[in-house]
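Raw contents of input03.txt, compact mmCIF, C-alpha atoms:
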```
# COMPACT_ATOMS: atom_id res chain seq x y z
CA MET A 1 99.63 75.50 143.18
CA THR A 2 98.69 72.43 141.16
CA ILE A 3 97.97 72.90 137.48
CA GLY A 4 94.27 72.41 138.26
CA ASP A 5 94.19 75.18 140.84
CA PHE A 6 96.29 77.43 138.62
CA SER A 7 93.92 76.75 135.71
CA ARG A 8 90.90 77.78 137.79
CA ALA A 9 92.69 80.93 139.00
CA THR A 10 93.79 82.02 135.53
CA ARG A 11 91.00 80.59 133.34
CA LEU A 12 93.64 78.91 131.20
CA SER A 13 93.12 75.26 130.33
CA ALA A 14 95.64 72.61 131.28
CA LYS A 15 96.25 72.02 127.56
CA THR A 16 97.01 75.72 127.06
CA LEU A 17 99.29 75.83 130.11
CA ARG A 18 101.22 72.82 128.80
CA PHE A 19 101.60 74.53 125.42
CA TYR A 20 102.85 77.74 127.03
CA HIS A 21 105.36 75.65 128.97
CA GLN A 22 106.56 73.93 125.80
CA VAL A 23 107.16 77.21 123.97
CA GLY A 24 108.87 78.76 127.00
CA LEU A 25 106.20 81.38 127.52
CA LEU A 26 104.88 80.48 130.97
CA GLU A 27 107.00 77.86 132.65
CA PRO A 28 105.85 76.25 135.91
CA ALA A 29 107.69 77.16 139.08
CA SER A 30 108.67 73.52 139.48
CA ILE A 31 107.91 70.02 138.23
CA ASP A 32 107.44 67.11 140.61
CA PRO A 33 110.27 64.71 139.70
CA THR A 34 108.24 61.64 140.69
CA ASN A 35 105.04 62.19 138.75
CA GLY A 36 105.88 65.08 136.37
CA TYR A 37 103.08 67.30 137.72
CA ARG A 38 103.52 70.98 137.00
CA LEU A 39 103.39 73.29 140.01
CA TYR A 40 102.93 77.06 139.91
CA ASP A 41 103.51 79.94 142.32
CA THR A 42 100.78 82.43 143.15
CA ASP A 43 102.91 85.30 141.83
CA GLN A 44 102.67 83.72 138.36
CA ILE A 45 98.93 84.39 138.24
CA ALA A 46 99.48 88.00 137.11
CA ASP A 47 101.75 86.90 134.26
CA ALA A 48 99.22 84.27 133.21
CA GLN A 49 96.46 86.87 133.13
CA VAL A 50 98.63 89.12 130.96
CA VAL A 51 99.33 86.23 128.60
CA ARG A 52 95.64 85.34 128.40
CA GLN A 53 94.61 88.90 127.51
CA LEU A 54 97.39 89.33 124.96
CA ARG A 55 96.55 86.04 123.25
CA THR A 56 92.93 87.18 123.09
CA LEU A 57 94.27 90.11 121.05
CA THR A 58 96.20 87.63 118.84
CA VAL A 59 99.57 88.93 120.02
CA PRO A 60 102.24 86.49 118.71
CA VAL A 61 103.88 84.20 121.26
CA GLU A 62 107.32 85.72 120.62
CA THR A 63 105.99 89.23 121.29
CA ILE A 64 104.37 88.08 124.54
CA ARG A 65 107.69 86.53 125.58
CA LYS A 66 109.37 89.91 125.03
CA VAL A 67 106.62 91.63 127.03
CA LEU A 68 107.10 89.29 129.99
CA LEU A 69 110.89 89.66 129.83
CA ALA A 70 110.78 93.47 129.51
CA SER A 71 112.85 95.03 132.26
CA ASP A 72 110.77 98.20 132.51
CA ILE A 73 107.18 99.31 132.03
CA PRO A 74 107.82 101.71 129.08
CA THR A 75 109.38 98.88 127.04
CA ARG A 76 106.47 96.58 127.84
CA ASN A 77 103.95 99.27 126.96
CA GLU A 78 105.68 100.04 123.66
CA LEU A 79 105.54 96.38 122.61
CA ILE A 80 101.83 96.20 123.41
CA SER A 81 101.06 99.54 121.75
CA THR A 82 102.80 98.48 118.54
CA HIS A 83 100.59 95.41 118.31
CA LEU A 84 97.45 97.41 119.12
CA GLU A 85 98.25 99.79 116.27
CA ARG A 86 98.60 96.78 113.97
CA LEU A 87 95.22 95.47 115.13
CA GLU A 88 93.59 98.86 114.57
CA SER A 89 94.99 98.94 111.04
CA GLN A 90 93.64 95.44 110.38
CA LEU A 91 90.27 96.49 111.81
CA ASP A 92 90.15 99.50 109.49
CA ALA A 93 90.95 97.23 106.55
CA THR A 94 88.21 94.80 107.61
CA ARG A 95 85.66 97.60 107.91
CA ALA A 96 86.65 98.90 104.49
CA ALA A 97 86.26 95.43 102.98
CA VAL A 98 82.83 95.01 104.59
CA THR A 99 81.71 98.38 103.25
CA SER A 100 83.00 97.50 99.79
CA LEU A 101 81.24 94.14 99.78
CA ARG A 102 77.96 95.74 100.87
CA GLY A 103 78.40 98.21 98.04
CA ILE A 104 78.76 95.34 95.57
CA LEU A 105 75.52 93.81 96.82
CA GLU A 106 73.69 97.13 96.47
CA ALA A 107 75.38 98.38 93.29
CA LYS A 108 73.29 99.46 90.33
CA PRO A 109 73.87 97.56 87.08
CA ALA A 110 75.58 99.46 84.27
CA ALA A 111 72.25 99.82 82.46
CA GLN A 112 70.92 101.96 85.34
CA LEU A 113 74.06 104.08 85.76
CA ALA A 114 73.75 107.79 85.10
CA VAL A 115 76.48 108.53 82.55
CA GLU A 116 77.23 111.77 80.71
CA HIS A 117 79.43 111.99 77.61
CA ARG A 118 81.58 115.08 77.99
CA SER A 119 84.21 116.82 75.86
CA VAL A 120 86.71 118.46 78.20
CA PRO A 121 88.71 121.25 76.50
CA ALA A 122 92.44 121.75 76.92
CA THR A 123 92.91 123.00 80.49
CA PRO A 124 95.67 125.23 81.91
CA ALA A 125 96.59 123.82 85.30
CA LEU A 126 99.06 123.58 88.16
CA VAL A 127 100.19 119.98 88.23
CA ILE A 128 102.14 117.49 90.29
CA ARG A 129 102.90 114.31 88.36
CA GLU A 130 105.17 111.44 89.29
CA THR A 131 105.71 107.77 88.45
CA ILE A 132 105.06 105.78 91.62
CA ASP A 133 104.32 102.26 92.87
CA LEU A 134 100.68 101.56 93.64
CA GLU A 135 101.46 100.89 97.30
CA GLU A 136 102.79 104.45 97.57
CA LEU A 137 99.58 106.03 96.24
CA SER A 138 97.92 106.98 99.54
CA GLU A 139 101.02 108.61 101.01
CA TRP A 140 101.88 110.28 97.68
CA TYR A 141 98.34 111.63 97.33
CA THR A 142 98.33 113.19 100.80
CA GLY A 143 101.68 114.90 100.25
CA ALA A 144 100.81 116.10 96.75
CA VAL A 145 97.48 117.57 97.88
CA GLY A 146 99.21 119.64 100.55
CA GLU A 147 101.96 120.88 98.24
CA LEU A 148 99.57 121.63 95.40
CA THR A 149 97.13 123.48 97.67
CA GLU A 150 99.92 125.59 99.11
CA SER A 151 101.02 126.58 95.59
CA THR A 152 97.59 128.08 94.78
CA ARG A 153 97.67 130.78 97.47
CA LEU A 154 99.02 133.56 95.21
CA PRO A 155 96.39 135.53 93.22
CA GLY A 156 97.63 134.43 89.79
CA ARG A 157 97.33 130.82 90.81
CA ARG A 158 93.80 130.74 92.20
CA PRO A 159 92.01 127.52 91.16
CA ALA A 160 89.46 127.94 88.39
CA GLY A 161 87.67 124.75 89.46
CA PRO A 162 87.90 121.74 91.77
CA ARG A 163 91.04 119.66 92.13
CA GLY A 164 91.40 116.68 89.84
CA GLY A 165 93.46 113.54 89.49
CA VAL A 166 94.67 111.63 86.43
CA TRP A 167 95.67 107.99 86.90
CA ASP A 168 97.70 106.05 84.35
CA THR A 169 96.32 102.59 83.48
CA ASN A 170 99.70 101.01 84.32
CA LEU A 171 99.45 102.27 87.88
CA PHE A 172 96.78 99.63 88.43
CA LEU A 173 97.62 97.14 85.67
CA GLU A 174 101.34 96.84 86.47
CA GLU A 175 101.22 98.38 89.99
CA ARG A 176 103.55 101.14 88.79
CA GLY A 177 102.64 104.13 86.65
CA GLU A 178 102.08 107.86 86.54
CA ALA A 179 99.91 109.60 89.12
CA MET A 180 98.91 113.22 88.66
CA LEU A 181 96.99 115.79 90.69
CA PHE A 182 96.04 119.19 89.31
CA PHE A 183 94.18 122.42 89.93
CA PRO A 184 92.77 124.15 86.83
CA VAL A 185 93.69 127.84 86.56
CA THR A 186 92.38 130.63 84.34
CA SER A 187 95.68 131.18 82.54
CA LEU A 188 99.32 130.14 82.80
CA ASP A 189 100.49 133.68 82.05
CA ALA A 190 100.20 134.94 85.65
CA VAL A 191 101.41 131.81 87.42
CA GLY A 192 104.98 133.02 87.92
CA THR A 193 107.90 130.97 89.20
CA LEU A 194 106.99 127.66 90.78
CA THR A 195 108.96 125.66 93.33
CA GLY A 196 109.05 122.05 94.45
CA ARG A 197 107.19 119.48 92.39
CA VAL A 198 104.52 121.82 91.08
CA GLN A 199 104.53 122.50 87.32
CA ALA A 200 102.40 124.68 85.06
CA GLU A 201 101.09 123.01 81.93
CA THR A 202 98.07 122.71 79.70
CA LEU A 203 96.28 119.39 80.02
CA PRO A 204 95.18 118.02 76.63
CA ALA A 205 91.54 117.97 75.60
CA VAL A 206 89.78 114.68 76.22
CA ASP A 207 86.41 113.02 75.69
CA LEU A 208 85.06 111.20 78.72
CA ALA A 209 82.17 109.06 79.86
CA VAL A 210 81.46 110.57 83.28
CA THR A 211 79.55 109.27 86.27
CA VAL A 212 79.33 110.63 89.80
CA HIS A 213 80.24 108.64 92.89
CA ARG A 214 78.78 109.73 96.23
CA GLY A 215 80.12 107.96 99.28
CA SER A 216 83.34 106.77 100.83
CA ASP A 217 86.49 105.52 99.13
CA GLU A 218 85.47 101.97 100.06
CA THR A 219 82.53 102.10 97.62
CA MET A 220 84.44 103.83 94.82
CA ALA A 221 85.30 100.46 93.23
CA GLN A 222 81.65 99.79 92.47
CA ALA A 223 81.34 103.06 90.55
CA TYR A 224 84.48 102.22 88.59
CA GLY A 225 83.17 98.75 87.82
CA ALA A 226 79.79 99.98 86.63
CA LEU A 227 81.32 102.73 84.48
CA GLY A 228 83.81 100.29 82.96
CA ALA A 229 80.97 97.91 82.12
CA TYR A 230 78.97 100.74 80.52
CA VAL A 231 81.91 101.78 78.33
CA ALA A 232 82.62 98.17 77.30
CA GLU A 233 78.98 97.39 76.50
CA HIS A 234 78.72 100.49 74.31
CA GLU A 235 82.14 99.83 72.72
CA LEU A 236 83.34 103.36 73.52
CA GLY A 237 86.64 102.83 75.29
CA ILE A 238 90.04 104.04 74.15
CA ASP A 239 93.47 103.85 75.75
CA GLY A 240 94.11 106.66 78.18
CA PRO A 241 94.19 107.52 81.87
CA ILE A 242 91.17 107.80 84.12
CA ARG A 243 90.37 111.35 85.23
CA GLU A 244 88.75 112.13 88.59
CA THR A 245 87.32 115.47 89.69
CA TYR A 246 86.78 116.00 93.42
CA LEU A 247 83.56 117.99 93.67
CA GLU A 248 83.08 117.69 97.42
CA GLU A 249 85.73 116.72 99.95
CA PRO A 250 85.00 114.85 103.22
CA VAL A 251 84.19 117.29 106.06
CA ASP A 252 83.85 117.12 109.85
CA GLY A 253 85.48 113.70 110.13
CA SER A 254 83.14 112.16 107.56
CA SER A 255 84.50 109.84 104.86
CA GLU A 256 81.74 110.81 102.43
CA SER A 257 82.75 112.68 99.29
CA VAL A 258 81.47 113.43 95.79
CA THR A 259 83.75 112.49 92.90
CA GLU A 260 83.28 112.56 89.15
CA ILE A 261 84.94 109.63 87.42
CA GLY A 262 85.84 110.17 83.77
CA TRP A 263 86.61 107.20 81.50
CA PRO A 264 88.33 108.08 78.18
CA ILE A 265 86.20 107.37 75.12
CA PHE A 266 86.31 108.24 71.42
CA ARG A 267 84.38 111.31 70.36
CA THR A 268 80.74 110.49 69.82
CA ALA A 269 78.38 112.18 67.40
CA ARG A 270 76.38 115.10 68.77
```

As structure tokens - that is how I would like this structure written.
Amino acid sequence: MTIGDFSRATRLSAKTLRFYHQVGLLEPASIDPTNGYRLYDTDQIADAQVVRQLRTLTVPVETIRKVLLASDIPTRNELISTHLERLESQLDATRAAVTSLRGILEAKPAAQLAVEHRSVPATPALVIRETIDLEELSEWYTGAVGELTESTRLPGRRPAGPRGGVWDTNLFLEERGEAMLFFPVTSLDAVGTLTGRVQAETLPAVDLAVTVHRGSDETMAQAYGALGAYVAEHELGIDGPIRETYLEEPVDGSSESVTEIGWPIFRTAR
């Protein structure tokens, strides 16, 4: 087949076919020695169609080369599946960014934010705390939630309130710092012997400016931004970790949750 006929059969332009030849991805069956015309066999149409679809999915040229050279179907499928998983991850990240940007456009200014000043007393709790890198946060959080929840199954360890998290400023400022999850309990006296990473301790009392975020994690940043602006404008802030309280968890596949965000402030007059 001439390059023109092959182009019509595969819907790949002559320019694209020449490029694929240059990079060794889809070489012609032969080249006319007198005029340099590229000639293709009909059995190359299937490979060209595979290449076209994979490039539509932005599969790198080197990966496509490995797909075409794969000696068996499972190997070929694994290469394609790996790239599809990467695309799905990128799509999730894009959706999250779109949601976050829409949240910024719709966010209330700090002056309209509902904020409560709250004095939280010293709290006995079951705790998992660890110094981690910021990139580890999601995986660490999932593991810590499971381990902490499992530790509350004995009667003396029943939670006395919703789960909370305490996040060191350096975790975000320096991308490494202390992360902590906890369940408040009535008393530490009946907790008994703990295993794994779970510890029993009394969290110190703290004064917080508290707002409530309702929505997905992608819009959480807007609540943080508005609360931070409120604290700065009222000159209330002090050094200390942010405290979150998870009032409602996502259910039935939903990403919606209700979270209290507590920003440390100095004690204000009553």

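If you measure from each of A:Leu17, A:Leu227, A:Met1, A:Ala70 to Gln49 (chain A) using only C-alpha atoms, the closest one turns out to be A:Leu17.
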
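All residues of protein, DNA or RNA that reach within 12 Å of Ala232 (chain A), judged by all atoms listed in the file and not counting those fewer than 5 positions away in the chain, are Ala110, Ala111, Ala209, Gly225, Ala226, Leu227, Gly237, Ile238, Trp263, Pro264 and Ile265 of chain A.
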
Exercise. Hey, what's within 10 Å of Val23 (chain A) if we count all atoms listed in the file and toss same-chain stuff fewer than 3 positions away? As a ChimeraX atom specification, please?
Worked result: /A:18-20,26-27,61-62,65

Seminar exercise, completed: In terms of only C-alpha atoms, the residue from A:Gly177, A:Pro184, A:Gly240, A:Pro250 at minimal distance from Gln199 (chain A) is A:Pro184

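Note that the spacing between CA of Arg157 (chain A) and CA of Glu136 (chain A) amounts to 27.8 Å.
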
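Nearest residue to Tyr37 (chain A) among A:Val59, A:Val67, A:Leu12, A:Ile3 is A:Ile3, counting all atoms listed in the file.
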
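Distances to His213 (chain A) were evaluated for A:Ser257, A:Asp189, A:Glu201, A:Arg243 using all atoms listed in the file, and the minimum falls at A:Ser257.
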
Problem set entry | Distance query region 160-169 of chain A at most 6 Å, all atoms listed in the file, self and fewer than 5 positions along chain excluded, as a PyMOL selection string | chain A and resi 177-186+241-246

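If only C-alpha atoms are the atoms counted, then among A:Gly143, A:Gly156, A:Gly262, A:Pro28 the closest residue to Gln44 (chain A) is A:Pro28.
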
Seminar exercise, completed: In terms of all atoms listed in the file, the residue from A:Tyr230, A:Phe6, A:Phe266, A:Tyr141 at minimal distance from Ala114 (chain A) is A:Tyr230

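Coordinates place CA of Gln22 (chain A) at a distance of 16.8 Å from CA of Leu69 (chain A).
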
For this session: Mind listing whatever residues come within 12 Å of the point (96.1, 87.9, 136.1)? Use only C-alpha atoms, file coordinates, and give them as a ChimeraX atom specification.
Result: /A:6-12,42-54

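Shown here are all protein and nucleic acid residues lying within 7 Å of (101.6, 118.7, 84.8), with all atoms listed in the file considered: Leu126, Val127, Ile128, Arg129, Gln199, Ala200 and Glu201 of chain A.
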
For this session: Tell me, as a VMD selection string, which residues lie within 8 Å of Ser187 (chain A), counting all atoms listed in the file; anything in the same chain fewer than 4 positions away does not count.
Result: chain A and resid 124 to 125 191
